[in-house]
Each structure stands twice: as C-alpha cells, then as structure tokens.
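Right, one structure below, let's go through it.
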Amino acid sequence: MCHDHWKPYYKYDCTLALCNAHHLRELTRAWEQDNQNWAEKLIKLLEEINRAVNGAGGKLAAHDSKKYCQRYREILKEAEQESPPPDEATRKGKRGRLKRTRSRNLLGRLQNFEEDTLRFMDNEIVSFTNNLGENDIKMTKVQQKISGCFRSEEGAQFFCRIRSYISSCRKQDIASTTALAFLFKGDVPDSMH
C-alpha cells in the first residue's frame with residue numbers, strides 16, 4: 001500500500017510504501033521556504049531514480065539500487081548539518097518533546113522510513129506515488145462538495161460504477177471519450193475482456 005505516512009496505516013498487515021509525490025511537495029516547501037539546500041538535491045535525486053526505474057521497466061538492478069541508496073544517505077547526512085535536531089540545552093525545565101521544524105520532521109521521516117520511501121526501486125508493483133488512488137477518490141469528493149450528497153443509494157452506485165469504468169480505462173491508456181463511446185455502443189475495450 002502506497003500512502004502519505006498517516007500513522008494508522010502502519011497497523012495494516014501489508015507491505016507499505018510512502019508516496020513520493022507527497023515527499024516532493026514537502027521537499028519543495030523545505031527548499032523554497034526554509035532554504036534547505038539538501039531538499040533541492042533530494043528532489044532531483046528522487047526524480048532521477050523515478051526516471052531510472054521507468055527506464056528499467058519498473059525495477060532497478062540490485063547494483064543500481066545500492067548506488068541510489070548510497071546517494072540518498074549522503075544527502076540526508078548532509079541535511080543533518082543543515083537542519084540539526086533541537087538543542088537539549090535550550091529545554092530549561094520544559095517538559096515533553098522539543099519542537100522541531102517542519103524540515104527537521106521531514107528529514108527524520110526520510111531517515112527512519114528509507115526502505116518505505118525507496119521501495120518503488122526494488123518492487124515493480126510499487127509505484128512512485130499514490131496519485132492514481134487519490135485521483136480515483138477525488139471525483140467522489142468533488143461530487144459531494146458540489147451536490148452535498150447523493151439523492152439515492154442507487155444514484156451513488158451508478159456514479160461509482162461509471163467512475164470505476166472510466167478510471168480503469170484511463171489506466172489502460174484508453175481516453176475517457178473513447179471509453180464512453182464504447183459504453184454507449186454496448187461494447188467494452190479489448191483490454192477489458
């Protein structure tokens with residue numbers, strides 16, 4: 001399951017991967033707003049790895065994967081200098097955890113969950129992002145925002161069936177208009193037989 005690091009997902013008994021589209025957004029914020037140079041370097045590295053994985057057919061050779069892991073760790077080691085943890089000496093009687101910057105929290109997650117972040121390199125069924133899954137849910141949420149609700153359960157079921165069909169066709173590189181033309185002819189695309 002590819003997700004955005006919502007902690008409850010870690011209770012599921014399955015292989016987990018972290019969505020790198022979320023990481024890219026957070027890294028861009030760290031670079032642009034917090035002036036974290038390591039974030040820009042990691043953005044470029046993650047994008048390079050994604051291109052390499054796509055070029056290799058969905059999975060990297062073991063030696064390539066090790067090289068990218070090493071580069072990833074080097075950038076995060078550099079990040080330790082640029083975004084150090086909070087100083088314990090500043091605590092002065094305060095209780096609880098010390099406040100960390102958003103960039104520091106991101107760095108900690110990238111360090112502690114390296115395997116989940118880079119799982120897309122070594123497992124061909126793991127994608128770089130969970131954007132396809134989020135896009136599938138988005139239209140239902142948009143419909144709810146516009147209409148407020150479905151008027152009947154039957155209407156909700158029709159909506160979901162149509163969205164599911166269009167989404168499945170898009171994932172098979174069939175344009176929505178072509179998919180709908182097939183539907184109105186009472187036919188289905190060849191890839192869906």
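Labels for the structure tokens follow display order: chains A, B, ..., residues from 1 in each chain, ligands from 1.
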
Going by DSSP on the backbone, which bits of stretch 18-134 of chain A are helix (DSSP H, G or I)? Write them as a ChimeraX atom specification, please. /A:20-34,37-55,62-82,88-90,102-112,114-122,131-134

Going by DSSP on the backbone, which bits of stretch 2-167 of chain A are strand (DSSP E or B)? Write them as a count of residues only, please. 4

Within 12 Å of stretch 35-45 of chain A, which residues of stretch 55-84 of chain A show up? Give each one with its shortest atom-to-atom distance in Å (one decimal) and the two atoms involved, counting only C-alpha atoms, rows by chain then rising residue number, as a tab-separated table.
```
residue	atom	partner	partner_atom	distance
A:Lys67	CA	A:Leu45	CA	11.4
A:Tyr68	CA	A:Leu45	CA	8.1
A:Cys69	CA	A:Leu45	CA	10.1
A:Gln70	CA	A:Leu45	CA	11.2
A:Arg71	CA	A:Leu45	CA	8.0
A:Tyr72	CA	A:Leu42	CA	7.2
A:Arg73	CA	A:Leu42	CA	9.9
A:Glu74	CA	A:Trp38	CA	9.8
A:Ile75	CA	A:Trp38	CA	6.2
A:Leu76	CA	A:Trp38	CA	7.3
A:Lys77	CA	A:Trp38	CA	9.3
A:Glu78	CA	A:Trp38	CA	6.8
A:Ala79	CA	A:Trp38	CA	5.5
A:Glu80	CA	A:Trp38	CA	9.2
A:Gln81	CA	A:Trp38	CA	9.7
A:Glu82	CA	A:Gln36	CA	6.9
A:Ser83	CA	A:Gln36	CA	7.6
A:Pro84	CA	A:Gln36	CA	11.4
```

For the residues in that selection, give me N, CA and C atoms as a PDB file, in the first residue's frame.
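Result saved to again-v4.pdb:
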```pdb
ATOM      1  N   LYS A  67      23.548   1.928  -5.420  1.00  0.00           N
ATOM      2  CA  LYS A  67      24.169   3.230  -5.699  1.00  0.00           C
ATOM      3  C   LYS A  67      23.222   4.374  -5.343  1.00  0.00           C
ATOM      4  N   TYR A  68      21.955   4.225  -5.699  1.00  0.00           N
ATOM      5  CA  TYR A  68      20.986   5.275  -5.384  1.00  0.00           C
ATOM      6  C   TYR A  68      20.757   5.380  -3.877  1.00  0.00           C
ATOM      7  N   CYS A  69      20.722   4.249  -3.177  1.00  0.00           N
ATOM      8  CA  CYS A  69      20.576   4.274  -1.721  1.00  0.00           C
ATOM      9  C   CYS A  69      21.738   5.028  -1.081  1.00  0.00           C
ATOM     10  N   GLN A  70      22.933   4.789  -1.585  1.00  0.00           N
ATOM     11  CA  GLN A  70      24.116   5.471  -1.048  1.00  0.00           C
ATOM     12  C   GLN A  70      24.019   6.973  -1.259  1.00  0.00           C
ATOM     13  N   ARG A  71      23.611   7.396  -2.437  1.00  0.00           N
ATOM     14  CA  ARG A  71      23.452   8.829  -2.716  1.00  0.00           C
ATOM     15  C   ARG A  71      22.366   9.443  -1.833  1.00  0.00           C
ATOM     16  N   TYR A  72      21.284   8.711  -1.638  1.00  0.00           N
ATOM     17  CA  TYR A  72      20.183   9.152  -0.775  1.00  0.00           C
ATOM     18  C   TYR A  72      20.709   9.398   0.644  1.00  0.00           C
ATOM     19  N   ARG A  73      21.467   8.432   1.168  1.00  0.00           N
ATOM     20  CA  ARG A  73      22.007   8.564   2.527  1.00  0.00           C
ATOM     21  C   ARG A  73      23.009   9.707   2.634  1.00  0.00           C
ATOM     22  N   GLU A  74      23.791   9.927   1.596  1.00  0.00           N
ATOM     23  CA  GLU A  74      24.751  11.037   1.615  1.00  0.00           C
ATOM     24  C   GLU A  74      24.040  12.379   1.698  1.00  0.00           C
ATOM     25  N   ILE A  75      22.957  12.526   0.961  1.00  0.00           N
ATOM     26  CA  ILE A  75      22.193  13.775   1.011  1.00  0.00           C
ATOM     27  C   ILE A  75      21.588  13.960   2.397  1.00  0.00           C
ATOM     28  N   LEU A  76      21.071  12.885   2.986  1.00  0.00           N
ATOM     29  CA  LEU A  76      20.471  13.007   4.316  1.00  0.00           C
ATOM     30  C   LEU A  76      21.531  13.277   5.388  1.00  0.00           C
ATOM     31  N   LYS A  77      22.727  12.761   5.181  1.00  0.00           N
ATOM     32  CA  LYS A  77      23.824  13.062   6.116  1.00  0.00           C
ATOM     33  C   LYS A  77      24.180  14.547   6.035  1.00  0.00           C
ATOM     34  N   GLU A  78      24.209  15.073   4.826  1.00  0.00           N
ATOM     35  CA  GLU A  78      24.455  16.499   4.610  1.00  0.00           C
ATOM     36  C   GLU A  78      23.327  17.320   5.259  1.00  0.00           C
ATOM     37  N   ALA A  79      22.113  16.818   5.171  1.00  0.00           N
ATOM     38  CA  ALA A  79      20.952  17.507   5.738  1.00  0.00           C
ATOM     39  C   ALA A  79      21.068  17.643   7.250  1.00  0.00           C
ATOM     40  N   GLU A  80      21.710  16.676   7.898  1.00  0.00           N
ATOM     41  CA  GLU A  80      21.912  16.740   9.352  1.00  0.00           C
ATOM     42  C   GLU A  80      22.655  18.017   9.744  1.00  0.00           C
ATOM     43  N   GLN A  81      23.597  18.448   8.908  1.00  0.00           N
ATOM     44  CA  GLN A  81      24.350  19.674   9.183  1.00  0.00           C
ATOM     45  C   GLN A  81      23.484  20.909   8.973  1.00  0.00           C
ATOM     46  N   GLU A  82      22.662  20.847   7.946  1.00  0.00           N
ATOM     47  CA  GLU A  82      21.844  21.996   7.570  1.00  0.00           C
ATOM     48  C   GLU A  82      20.586  22.136   8.438  1.00  0.00           C
ATOM     49  N   SER A  83      20.092  21.033   8.922  1.00  0.00           N
ATOM     50  CA  SER A  83      18.859  21.030   9.722  1.00  0.00           C
ATOM     51  C   SER A  83      19.070  20.167  10.960  1.00  0.00           C
ATOM     52  N   PRO A  84      19.886  20.641  11.906  1.00  0.00           N
ATOM     53  CA  PRO A  84      20.211  19.818  13.081  1.00  0.00           C
ATOM     54  C   PRO A  84      18.998  19.651  14.001  1.00  0.00           C
TER      55      PRO A  84
END
```

Nearest to A:Trp31 among A:Arg102, A:Arg109, A:Lys145, A:Arg119, with distances taken over only C-alpha atoms: which residue is it? A:Arg102

List as a PyMOL selection string the protein and nucleic acid residues near stretch 125-128 of chain A, meaning an atom at most 10 Å away when only C-alpha atoms are counted, but skip any in the same chain fewer than 2 places from it. chain A and resi 1-2+15-21+46-47+49-50+53-54+58-59+117-123+130-132

Convert the current residue selection to file output with N, CA and C atoms, as a compact mmCIF listing (two decimals), in the first residue's frame.
```txt
# COMPACT_ATOMS: atom_id res chain seq x y z
N MET A 1 0.84 -1.16 0.00
CA MET A 1 0.00 0.00 0.00
C MET A 1 0.90 1.23 0.00
N CYS A 2 0.66 2.12 -0.95
CA CYS A 2 1.40 3.38 -1.05
C CYS A 2 0.55 4.47 -0.40
N THR A 15 2.66 -4.85 2.91
CA THR A 15 3.87 -4.13 2.56
C THR A 15 3.49 -2.68 2.29
N LEU A 16 4.23 -1.76 2.91
CA LEU A 16 3.91 -0.34 2.81
C LEU A 16 4.98 0.40 2.04
N ALA A 17 4.56 1.43 1.34
CA ALA A 17 5.47 2.33 0.64
C ALA A 17 4.96 3.74 0.87
N LEU A 18 5.86 4.71 0.89
CA LEU A 18 5.46 6.09 1.08
C LEU A 18 5.35 6.79 -0.27
N CYS A 19 4.36 7.66 -0.39
CA CYS A 19 4.10 8.39 -1.62
C CYS A 19 5.16 9.47 -1.82
N ASN A 20 5.89 9.36 -2.90
CA ASN A 20 6.94 10.34 -3.14
C ASN A 20 6.43 11.64 -3.74
N ALA A 21 5.20 11.67 -4.24
CA ALA A 21 4.62 12.95 -4.65
C ALA A 21 4.44 13.83 -3.41
N LEU A 46 15.32 11.95 -6.26
CA LEU A 46 14.10 11.14 -6.34
C LEU A 46 13.54 11.14 -7.77
N GLU A 47 13.56 12.29 -8.42
CA GLU A 47 13.08 12.35 -9.80
C GLU A 47 13.99 11.54 -10.73
N ILE A 49 15.79 8.89 -9.84
CA ILE A 49 15.53 7.48 -9.55
C ILE A 49 14.24 7.04 -10.25
N ASN A 50 13.21 7.87 -10.18
CA ASN A 50 11.94 7.53 -10.82
C ASN A 50 12.12 7.34 -12.33
N VAL A 53 13.92 4.02 -12.86
CA VAL A 53 13.02 2.89 -12.64
C VAL A 53 12.10 2.71 -13.84
N ASN A 54 11.54 3.80 -14.33
CA ASN A 54 10.67 3.72 -15.51
C ASN A 54 11.44 3.23 -16.73
N GLY A 58 10.37 -0.77 -14.52
CA GLY A 58 9.64 -0.88 -13.26
C GLY A 58 10.45 -1.36 -12.07
N LYS A 59 11.69 -1.77 -12.30
CA LYS A 59 12.52 -2.28 -11.20
C LYS A 59 13.99 -2.10 -11.57
N THR A 117 10.30 4.63 1.62
CA THR A 117 10.43 5.72 0.65
C THR A 117 10.98 5.21 -0.67
N LEU A 118 11.96 4.32 -0.62
CA LEU A 118 12.64 3.85 -1.82
C LEU A 118 12.15 2.48 -2.32
N ARG A 119 11.10 1.97 -1.74
CA ARG A 119 10.60 0.64 -2.11
C ARG A 119 10.26 0.55 -3.61
N PHE A 120 9.86 1.65 -4.22
CA PHE A 120 9.50 1.64 -5.64
C PHE A 120 10.67 1.24 -6.54
N MET A 121 11.91 1.35 -6.04
CA MET A 121 13.08 0.98 -6.85
C MET A 121 13.20 -0.52 -7.05
N ASP A 122 12.82 -1.27 -6.03
CA ASP A 122 13.11 -2.70 -6.00
C ASP A 122 11.89 -3.61 -6.15
N ASN A 123 10.71 -3.03 -6.14
CA ASN A 123 9.49 -3.82 -6.23
C ASN A 123 8.64 -3.25 -7.36
N ASN A 130 1.06 7.61 -4.92
CA ASN A 130 -0.28 7.04 -4.81
C ASN A 130 -1.30 7.94 -5.50
N ASN A 131 -0.84 8.74 -6.46
CA ASN A 131 -1.70 9.70 -7.14
C ASN A 131 -2.88 9.04 -7.84
N LEU A 132 -2.68 7.85 -8.45
CA LEU A 132 -3.81 7.20 -9.11
C LEU A 132 -4.92 6.89 -8.12
```

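We find atom CA of A:Ser164 and atom CA of A:Arg151 to be spaced 19.5 Å apart.
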
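Computed from the coordinates, the atom CA of A:Leu107 to atom CA of A:Asp34 distance equals 12.7 Å.
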
May I ask which of the residues A:Leu24, A:Cys14, A:Leu60, A:Ala156 is the closest one to A:Thr140, counting only C-alpha atoms? A:Ala156

Length of the atom CA of A:Phe184 to atom CA of A:Cys160 vector [Å]: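 Between atom CA of A:Phe184 and atom CA of A:Cys160 the gap is 17.2 Å.
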